[in-house]
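Beneath this line is the structure, given in structure tokens, with notes to follow.
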Amino acid sequence: MIEFKNVSYSYACGRPVLHDISLRIEDGEQVGLIGANGAGKSTLLKAAVGLISAQGVITVNGMSVSADNLPEIRKTIGYVLQNSDNQMFMPTVLEDMTFGPMNYGMSRSEAEALADETLAGLGLSHLKNRHNHRMSGGEKRMAAIATALAMRPGTLIMDEPSSSLDPRNRRGLINTLNSLGQTKIIATHDLDMVLETCDRVILLSDGAIAADGKAGDVLRDRELLEKNGLELPFCLAGVPERTRG
Amino acid sequence: MNAARKAYAEIKEIDELVLGDSPVHRLSPLSKLAVTFIYILTVVSFNRYDITGLFVMVLVPVIGYQASGIPVSKCFSKLWPVMPMVCAVGLFNPLFDREIMLYVGPLAVSGGVISMLTLMMKGVFCVMASFLLVATTPIDEICRALRQIRIHRMFISLLLLTYRYITVLLNEAAVMTDAYHLRAPRQKGIQFSAWGSFLGQLLLRSMDRTQELYESMVMRGFEGEFHYARTRAASAYSVPFALICSAAVVLMRFYNISAALGSLFV
Amino acid sequence: MHMADALLAPSVAAVMYAASAAAAGVSIARLKREERTRVDTPVNKLPAMAVMAALVFAGQMINYTIPGTGSSGHLCGGMMLSGILGPFAGFLSMIVVLTIQCLFFADGGLMALGANVWNMAFYGCFVGYFLIYRPIMRSGLFSSRGENAANRMKIVLASILGCVITLQLGAFSVVLETSASGVTELPFGMFCALMLPIHLAIGLIEGLITSAVLLFVYESRPELLCEVSMGGQVSNRRSLGATVVALAVIAALVGGGLSLAASSNPDGLEWALFGNAEGGYGENMGLDEEKFGIESGAADTAASIQEKTAFLPDYAFSGDEENPAGTTVSGLVGSLLVALIAAAVCALGGFFRKKAAAKS
């Protein structure tokens, strides 16, 4: 369970990013975090894992996000970055997957067994000894998710997971997300994916919550979306074909 | 293909080669490192005129290449970086050292020519040995060997991380170079007015990357220690191999095997 | 400027390895000390060092066209790294760059790595930073033009001067190391005359590239640069004096070395000038006091190191004093046999590989 109480944050130069955010995400919820560029989505996620120090109170599974609790908190949250190259920093996938568990005290053999199991569960065993620079964008993204899952987290936080994926890889991602039971918070512009994977949607606008409700309801509100710099999901809007003028 | 792409291709090629499975690949990284060092040390210590004694040293890398399944020709492209300087330095020898040392038929060969040839041979043999080491030992095993000889963790972590990021940045540099040339087709390199911004942009993006990378590491519990890989168990023959090979190399140094072989027939 | 293994004697290589290792040890100790006193830990620094090292590597692949000429310049990176990471972190990053170049690209030999680190990383990161970059950046130079303009001009001056001087030192060291190893007949003076002017030009170009990049960073993210004063820091003219002294010392060393080589009474450097063919390489290390008249603690140390390792060079001749080169007939015939054996090994290897391929 993750709870934000009156959370605000400004950059060092003074520009405000988050305004008095209060919300609560229960175990098992599948939450889509949407908003225009600069709305504060990534900042909110980083605050949840203590990568930035925001004002207000943030609690994760009953623990407040403070320096003492960070190791425990981070053990329970798998964070998937937008740029897989920054996430997969060891030479091979296996080493990346054992990195986290071994830092938390697991032995090498245990960590490798866990990695094998995780990869098998995702159908990615063929990537085990692959060098990170020898994978396609889609493979890297899936490997990054595997890396986050290797810690057996209760919550998955993902920043733009479907960006730069081709349709097939995107479909694979959606299927994978739907098969995983963890609590998920997915920050994304891919509203169609949100419809397929999330129950609840939180719409951020200029650092404040503009809407918080069922995915089906929020994403069908054309006026709300357009007012906040977004559009209806393609599957609901019926994308017009290019006409010659 | 621009230089960044070529470098990227070279790293990828070595990635492929280390995945082989041969007796040489299976040897422990420390034994290979030790033998390579002993070999290079010995080759370099040969007297500058001892050309026939030196020549027999070629057998060690040749056998190594054959045993590992790696074509010797692969290492010849690795000669380009250092051999020009070696040759440039050596080319002056015949000019200054003109004392005739031997006659090959009617041809008078001066000491300078011999020392030039030995210098070049040494250059080639050393590159062959180094490349064989790198082509049969993955980077994480090299790091393991370095750790075993007590190189500091900070350096090894840095080596591992840098190796990983070289491919990322080479890729970015390659793409940026291509993008530049699409708009400056007649230019061979980056022009003066763009020097600062070209590399500067890459630098700033890299600094942003370091921030994300740092976050990614601490998110997974990193506190300064890397744990090193062991992707395969070392062959039991590693230590005997190292001892026998080193002994053979030292033997070749002290006894002119070529002369011994030749004297059987002459 | 990367040296091959073939250009170094084991003793010289060992000394350079020791020197570079000592400098690396100091750097690591210093970084660990900063870890204990700083709020942002060097865990933060490690990613920055790795990415910057990778950047320097990638940056070296970029071709900078020199205006007016058809040729191109390249980046070495020592000054750039130390300007952004500081000298100690910059030094370690350069070592990693050189190590990877050595291992994966055969750019520099494995045994010569210690020498290459000294020639390229040590001078660039320590001499360049402490004696040139930092004093200039902290000085009151150009202050009449306002802080912003002054900083920009100081960056340019520090980069160019730093690159030129550190590359000269590096090139000079290459000459010293190669000559001390006895692999070349090239007289010391002539070797210097070949290496130093070329590297002066290279240093100038690299200085320009470095200053262009650092200026760009200064314009966009000045907080990334070391020693850049912002907001009216008090100028410190005295630290510039250190630079002047250092430059004078360096000039004297280099100039003195060159003039000794060129002088009509070259006792001091006879060992390097006349690569002694008859004595064999062992005696020709040249630091033998009796023969060549150099007396110094350093020579003693070097001689004792050489003695300890000289069991290899001294045992140069395989029993035949009249034919020191091993160039007897049997030697030549034997070499031919060795070549045949090598070819046979290759052929056998190919045969077995084909068989294995046919089976699978």
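Within each chain, counting starts at residue 1; across the structure tokens, chains are named A, B, ... in the order shown, with ligands numbered 1 upward in that order.
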* To do: Please return as a VMD selection string: the residues of range 73-217 of chain B that backbone DSSP assigns to helix (DSSP H, G or I).
  => chain B and resid 73 to 79 83 to 91 93 to 96 111 to 136 139 to 148 153 to 183 192 to 217
Closest-contact table, chain A side, partner chain B, 6 Å, counting only C-alpha atoms, as a Markdown table:
```
| residue | atom | partner | partner_atom | distance |
| --- | --- | --- | --- | --- |
| A:Arg74 | CA | B:Met219 | CA | 5.8 |
| A:Asn86 | CA | B:Leu213 | CA | 5.0 |
| A:Gln87 | CA | B:Ser216 | CA | 5.7 |
| A:Pro91 | CA | B:Arg164 | CA | 5.4 |
| A:Gly100 | CA | B:Arg220 | CA | 4.6 |
| A:Asn103 | CA | B:Gly221 | CA | 5.4 |
```
* Asked: Within 12 Å of chain C, which residues of chain A show up when using only C-alpha atoms, listed as number ranges by chain?
  -> A: 85-86, 89-90
Write the residues you've just listed into a file as a CSV table (one decimal), in the first residue's frame, and include N, CA and C atoms for each of them.
```csv
chain,number,residue,atom,x,y,z
A,85,ASP,N,18.5,1.3,-21.2
A,85,ASP,CA,20.0,1.4,-21.1
A,85,ASP,C,20.5,1.8,-19.8
A,86,ASN,N,19.7,2.7,-19.1
A,86,ASN,CA,20.1,3.1,-17.8
A,86,ASN,C,19.8,2.1,-16.7
A,89,PHE,N,22.6,-2.1,-16.5
A,89,PHE,CA,24.0,-1.6,-16.5
A,89,PHE,C,25.1,-2.6,-16.4
A,90,MET,N,24.7,-3.8,-16.1
A,90,MET,CA,25.8,-4.9,-16.1
A,90,MET,C,26.0,-5.4,-17.5
```
* Asked: Between CA of Arg168 in chain A and CA of Gly138 in chain A, what is the spacing in Å?
  -> 9.1 Å
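Listed by chain and then by rising number, the residues of range 135-218 of chain A that DSSP assigns to strand (DSSP E) from the backbone are Thr155, Leu156, Ile157, Met158, Asp159, Thr183, Lys184, Ile185, Ile186, Ala187, Arg200, Val201, Ile202, Leu203, Leu204, Ser205, Ala208, Ile209, Ala210, Ala211, Asp212, Gly213 and Lys214 of chain A.
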